[in-house]
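First comes the structure, then the notes that go with it.
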Amino acid sequence: MASLVPISGVLGLQRAAHLLRRATMGPSVLEINSWANMTIQSAIVALMQPDTLQPFPKDPNTGTDWIYPNVIDPNQINNVWSPYTKSWWLENMRGSSLSIHARMMWFYYTHFPMIMTRIEWKPQFPIDYLRLIHFYALGNYKELAKAMCIDNAMLIHLDGRLNIKGSPQENFGREFLELFTVGKGSIQGPGNYTSFSEVDVQALTKLLTGWGEDSTFQSIDPVTNIPRGKVKSSDGVSASQHDISQKSFSSAFSNTSIQTGSIINGNASISSVSTELDESIDMIFNSIFTAKHFCRRIYREFVYYKITPEIETDIIDPLAALLVSNNFQVMPVLEMLLSSEHFYDVDTPATSDNNIGAIIKSPVDLVIGTIRLFNLSVPLPTSALTNHYNLFGQLESQLSLQGLELFEPLDVAGHDAYFQEPHFQRNWISANYLANRYKFAEYVISGFNSGSSVLMKLDVLSFIVNHVSNPSDAQVLVSELVAWLLPINLDTTRFDYFKNEVFLNLGVLNWTSEWQNYQNTSNEIVVRTQLELLMLALMQSPEYQLY
Amino acid sequence: MDRRLFMKLSSLTGSGLLLSLNGIPLHAFQGDSLLHKIAKSSSNDRVLVLIELHGGNDGLNTIIPINHYGQYYNSRANIAIPQAGLRSYITLDSTLPDNQQIGLHPDMVAAKAMYDQGHMAVIQNVSYENMNGSHFRSRDIWMMGGDYDEYFNSGWMGRYLDHYYPGYPDNYPSIQYPDPLAIEIGTGVSLAFHREEGIPAGLSIQNPVAFYNLINSVGVDPPVSIPDTHAGDEIEYIMQIEKQANNYAERLKDVYMAGSNSGAVYPDLYPYIAPASAAHNPLAPQLKIISRLISGGIGTKIFICRIGGFDTHANQVESNNTTMGPHAALLYHISTAMKAFYEDLQNLGLADRVLSMTFSEFGRRVASNGSYGTDHGNAAPMLVFGTCINPGVYGTNPNLSQLQYGNVPMQFDYRQVFTSAVKDWFNSSDEAIQAVKFQDFVDNRIDYVQCKILSTSELFKENFKMTCYPNPTQSSVSIDYMIQNDSEVHIEILDLTSRVVGTVEKPPSQAGSHTVVFQFPNVASGTYLVRLRANEATLTEKIMLNH
């Protein structure tokens, strides 16, 4: 039986690496080593510390950001800022502390997906969207879901701003139920998806009429302090485009009926439109389907994509109950899951359902995780803005070659790996994507350049010199690298493959003498070549694609 | 990605094979027993090209129901295609009855030309029972080939390929089947080609040459033994994809290089007003690759192209001109690309082997919304293209005064359309239809395939069969045939250009089994067809003549 009982004691290297790979944007080698000595309790406490966002991205033309009251350069077209925003987010991931914060931001981006080309005509909106998921990433899922309904970016992305009385526009209402909250169950009858029905899409759509974006940034959310959308009004007190008729929901929501509270000049009062939103959020979060849907998403992010009936009963149900009893504060759920015997594969002696190493890295995890693992230095926005954008533009291209168009999923449901049943994460692996993942390893070692200057590069030899305890011993060298790079233990054949194949003509003993030779003469050519081959082999393996 | 495997493979599938399948340079067949086998196995060399319109195509602005024009206009005045004027709808065929009178979008001039040549059919109101308003679930249903409440792990195309090519991927590529069974033009993997277990039967590629170069530049040997854990499951999946890429990359490049496009001009730009993102033809480059691969002799049975942009909740037309905008551009792109594709194929002499059709997860609401767009709907037309089809309009115009929840109700199940492709186009056995799970749709499949090859079982029902031997032969061939009813029998021997090289004089016409012998005249070695006609049906067998 799958168990949420916490493990105890000191983590040790493998569990520390497992926890950090799953819960952060990736640990460095030094961090894996130091966290190995922590207990699970202290590790969890450390992981739950909040992280801060870096200063807003700057436009190299103006030298400032474009966050209100700053303005964008009117002489440029709207999409020039999009790559800067993406770079900013990737740099935030790269520079994030060893906290679950950045991981949860990524999670919420996959849960509330956003297509930047739909909103880039107001280039502050995507940044505000990122600020919003950052604000709530360690906090309350329900509050975030509500804030998403009236987020400027979301109002545009899913057409909420076009949803007006007399002319309902279902795009947002449907996805809010199907993707963001209750999720879709099996079909019970025409238009009845167990957890909601077409009637609910229509009622919720009606309830959400009358909101629009505020491109003057005057509507500030009092809790987050982040600009948001507003209720459209022609007289300042009443909602000119809100439908005041009764909103009747189906039995999936206990036949709830929501009514506009107060009417001014024949329209809903502005405050009553907000009240209706609050009531609908309460109603949707009272459905147990919301907590369950969310906990399945969490499980897939942190553990594995296959959810068996056993997992549903032993893991999802108790986590959902915990989420509800904490009024949708997410941290207790994360703490319980990441401390659990199930997470560390100790709840059953059988190995066939072990989950360590079983998640296929997203391209972000591969690219950002690799940079963090080797602690590669990059040009920083504070000191080398042009080179910074240049490098991160190249990294964005790498991501898209691997199947992740950051901020541009093909579907409003987001990237396939997070919703496309039944194969989920396997959608990251096609022949093309896989080859490009392998190719990325080559670039890491050969270096990302701008003209003749190197922007980022893994110096394999100095990495080995600085980290491996005894590089002259091939056995030690390979086993330390394997433990840092690969999430699973290798059998002898596979271990020897890396050890032998990549030391090609040298042999293990010759390696020791070559290493001594290098130390005596500083002639590095032989050892550097062999070490680069070894590193490339490890990173171009199927095993390195997993964590 | 694995050089050793590569070497092995390329020696297996030497370049002699490349030109063998499509009767292009026939001399390639001579005196090579390997090629003989292939020739025999490729009795049905037909190809299916599926074009996925991603997002839900607005059928009513694609195909306008002329006999309900008043209701059509009143339901969607802000996006309706006008009845008169310079850019009014194009009347498809004035000879059709009233309830089939349809207008094409004014940007479908090329489609109209194809219809006039007998190369296009329209199948009206295609859907399934209990249409699911979710993009994702609905798309899954079309790909899976199931009912609204069925959940398969495989796609219908995957099951079709699994039936005819058992043991995938372990037994492939083989001498008989050197090519990918299916190809998706693009980089990702969709559900369509998924089989019940293991990797999908299809391969996704963009440019075959770039793909080859990429695959050949990366990778290490895969592990020999796989751990019995979930991580092991994922490693195995990755290894299989890697092997698939290795297996086919060189072959694809060779076929592509051996092939060529004719002088047909593939379109690129939309000539009217639409956002820049809709300007370029997304389909034409994909079809151009397919045409070239077919001309190079690829044996792949199914191709999928995917074009996005159909989820037109907002601004599907220009606000000041309902005949232009993103949706118009897409229709223009499809029509012009298909026309160029078939011109190309006809120039190459390959058109009769290729059947194409569009599909989309659903149509859109009859009434437009306030934002010059349409919400998710139900049934919509499919467009079928080919030189070997029964052109025309299948089904009748939707009655816009009898809608279902504001949507066009279903007239044909989507599987009625696909079953014809599997059964009549691919000439599949009853067992194959069972495996695909289309058996309930055989009797009411839609008769749009003109060049039917009757399957053996069906022929037997008609008590009509033929066997030719020896094959290959040096000079003469014995033809066994059986007819149940008395019937005039004609036996002709043709070359691959359909030139008659000889006939059997007065074959027996009484019911029963007969054997006749045909002595080849003084003709070159190569492939010939024995064609037997009786009871208004035709049987064809390929024979290799090898002096």
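Following the order of the structure tokens, first chain is A, next is B, and so on, with residues numbered from 1 inside each chain and ligands from 1 in the order they appear.
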
Test item: residues at most 8 Å from range 402-418 of chain B, only C-alpha atoms, excluding those fewer than 3 positions along its chain, as JSON, numbers by chain: {"B": [124, 125, 126, 127, 128, 129, 142, 145, 364, 365, 366, 367, 377, 378, 379, 380, 395, 398, 399, 421, 422, 438, 441, 442, 444, 445, 446]}

Contact table chain B vs chain A, cut-off 8 Å, shortest pair per residue, only C-alpha atoms, as JSON lines:
```
{"residue": "B:Met1", "atom": "CA", "partner": "A:Ala435", "partner_atom": "CA", "distance": 7.6}
{"residue": "B:Asn130", "atom": "CA", "partner": "A:Pro190", "partner_atom": "CA", "distance": 5.1}
{"residue": "B:Met131", "atom": "CA", "partner": "A:Gly191", "partner_atom": "CA", "distance": 7.6}
{"residue": "B:Asn132", "atom": "CA", "partner": "A:Gly191", "partner_atom": "CA", "distance": 6.9}
{"residue": "B:Gly133", "atom": "CA", "partner": "A:Gly191", "partner_atom": "CA", "distance": 7.8}
{"residue": "B:Ser134", "atom": "CA", "partner": "A:Glu178", "partner_atom": "CA", "distance": 7.8}
{"residue": "B:Phe136", "atom": "CA", "partner": "A:Gln420", "partner_atom": "CA", "distance": 7.5}
{"residue": "B:Tyr148", "atom": "CA", "partner": "A:Ile187", "partner_atom": "CA", "distance": 7.5}
{"residue": "B:Asp149", "atom": "CA", "partner": "A:Ile187", "partner_atom": "CA", "distance": 6.0}
{"residue": "B:Asn153", "atom": "CA", "partner": "A:Pro422", "partner_atom": "CA", "distance": 6.3}
{"residue": "B:Thr187", "atom": "CA", "partner": "A:Asn432", "partner_atom": "CA", "distance": 5.9}
{"residue": "B:Gly188", "atom": "CA", "partner": "A:Ser430", "partner_atom": "CA", "distance": 5.7}
{"residue": "B:Val189", "atom": "CA", "partner": "A:Ser430", "partner_atom": "CA", "distance": 6.1}
{"residue": "B:Ser190", "atom": "CA", "partner": "A:Asn427", "partner_atom": "CA", "distance": 7.9}
{"residue": "B:Leu203", "atom": "CA", "partner": "A:Ala431", "partner_atom": "CA", "distance": 7.3}
{"residue": "B:Ser204", "atom": "CA", "partner": "A:Ala431", "partner_atom": "CA", "distance": 7.0}
{"residue": "B:Ile205", "atom": "CA", "partner": "A:Asn432", "partner_atom": "CA", "distance": 7.0}
{"residue": "B:Phe211", "atom": "CA", "partner": "A:Asn432", "partner_atom": "CA", "distance": 7.2}
{"residue": "B:Leu214", "atom": "CA", "partner": "A:Ala435", "partner_atom": "CA", "distance": 6.6}
{"residue": "B:Ile215", "atom": "CA", "partner": "A:Ala435", "partner_atom": "CA", "distance": 5.8}
{"residue": "B:Ser217", "atom": "CA", "partner": "A:Lys439", "partner_atom": "CA", "distance": 7.8}
{"residue": "B:Val218", "atom": "CA", "partner": "A:Tyr438", "partner_atom": "CA", "distance": 6.0}
{"residue": "B:Gly219", "atom": "CA", "partner": "A:Gln540", "partner_atom": "CA", "distance": 5.3}
{"residue": "B:Val220", "atom": "CA", "partner": "A:Ala537", "partner_atom": "CA", "distance": 6.0}
{"residue": "B:Asp221", "atom": "CA", "partner": "A:Ser541", "partner_atom": "CA", "distance": 7.8}
{"residue": "B:Pro222", "atom": "CA", "partner": "A:Ser541", "partner_atom": "CA", "distance": 7.0}
{"residue": "B:Pro223", "atom": "CA", "partner": "A:Arg494", "partner_atom": "CA", "distance": 5.9}
{"residue": "B:Val224", "atom": "CA", "partner": "A:Arg494", "partner_atom": "CA", "distance": 7.2}
{"residue": "B:Asp228", "atom": "CA", "partner": "A:Ser352", "partner_atom": "CA", "distance": 5.1}
{"residue": "B:Thr229", "atom": "CA", "partner": "A:Ser352", "partner_atom": "CA", "distance": 4.2}
{"residue": "B:His230", "atom": "CA", "partner": "A:Ala358", "partner_atom": "CA", "distance": 5.3}
{"residue": "B:Ala231", "atom": "CA", "partner": "A:Ala358", "partner_atom": "CA", "distance": 3.8}
{"residue": "B:Gly232", "atom": "CA", "partner": "A:Ala358", "partner_atom": "CA", "distance": 7.5}
{"residue": "B:Asp233", "atom": "CA", "partner": "A:Ala358", "partner_atom": "CA", "distance": 7.9}
{"residue": "B:Glu234", "atom": "CA", "partner": "A:Ala358", "partner_atom": "CA", "distance": 6.4}
{"residue": "B:Ile235", "atom": "CA", "partner": "A:Pro542", "partner_atom": "CA", "distance": 5.8}
{"residue": "B:Ile238", "atom": "CA", "partner": "A:Pro542", "partner_atom": "CA", "distance": 6.2}
{"residue": "B:Met239", "atom": "CA", "partner": "A:Pro542", "partner_atom": "CA", "distance": 6.8}
{"residue": "B:Ile241", "atom": "CA", "partner": "A:Ala431", "partner_atom": "CA", "distance": 5.9}
{"residue": "B:Glu242", "atom": "CA", "partner": "A:Ala431", "partner_atom": "CA", "distance": 6.2}
{"residue": "B:Gln244", "atom": "CA", "partner": "A:Ala431", "partner_atom": "CA", "distance": 7.5}
{"residue": "B:Ala245", "atom": "CA", "partner": "A:Ala431", "partner_atom": "CA", "distance": 5.4}
{"residue": "B:Gly308", "atom": "CA", "partner": "A:Leu410", "partner_atom": "CA", "distance": 7.7}
{"residue": "B:His313", "atom": "CA", "partner": "A:Asn171", "partner_atom": "CA", "distance": 7.0}
{"residue": "B:Ala314", "atom": "CA", "partner": "A:Asp159", "partner_atom": "CA", "distance": 7.4}
{"residue": "B:Asn369", "atom": "CA", "partner": "A:Ser167", "partner_atom": "CA", "distance": 5.6}
{"residue": "B:Gly370", "atom": "CA", "partner": "A:Ser167", "partner_atom": "CA", "distance": 5.3}
{"residue": "B:Ser371", "atom": "CA", "partner": "A:Leu162", "partner_atom": "CA", "distance": 6.1}
{"residue": "B:Asp375", "atom": "CA", "partner": "A:Glu170", "partner_atom": "CA", "distance": 6.6}
```

Residue list (helix (DSSP H, G or I), DSSP) for range 267-387 of chain B, as a PyMOL selection string: chain B and resi 276-278+284-295+326-347+351-353

Minimum-distance residue to Asn321 in chain B, chosen among B:Tyr165, B:Asp179, B:Ala77, B:Ala351 (using only C-alpha atoms):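 Smallest distance to Asn321 in chain B is found for B:Ala77.
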
Test item: residues at most 10 Å from range 217-231 of chain A, only C-alpha atoms, excluding those fewer than 5 positions along its chain, as a PyMOL selection string: chain A and resi 67-69+124-125+128-129+131-132+135-136+143+147-156+161+208-212+236-242+269-271+273-274

For Gly146 in chain B: contacts at 9 Å, only C-alpha atoms, fewer than 4 positions along chain excluded, given as a ChimeraX atom specification: /B:140-142,150-152,155-156,415,437-438

Contact residues around Met114 in chain B with only C-alpha atoms at 7 Å, ignoring same-chain residues under 5 positions, as JSON, numbers by chain: {"B": [119, 120, 339]}

Pairwise distance for CA of Thr529 in chain A and CA of Phe374 in chain A, rounded to one decimal in Å: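 Taking CA of Thr529 in chain A as the start and CA of Phe374 in chain A as the end point, the length is 18.2 Å.
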
From A:Asn75, A:Asn500, A:Asn390, A:Gln475, residue lying nearest Val454 in chain A [only C-alpha atoms]: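 Among A:Asn75, A:Asn500, A:Asn390, A:Gln475, it is A:Asn390 that comes nearest to Val454 in chain A.
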
Selection near Ser339 in chain A, 7 Å with only C-alpha atoms, sequence-local residues under 5 positions removed, as a PyMOL selection string: chain A and resi 6-7+40
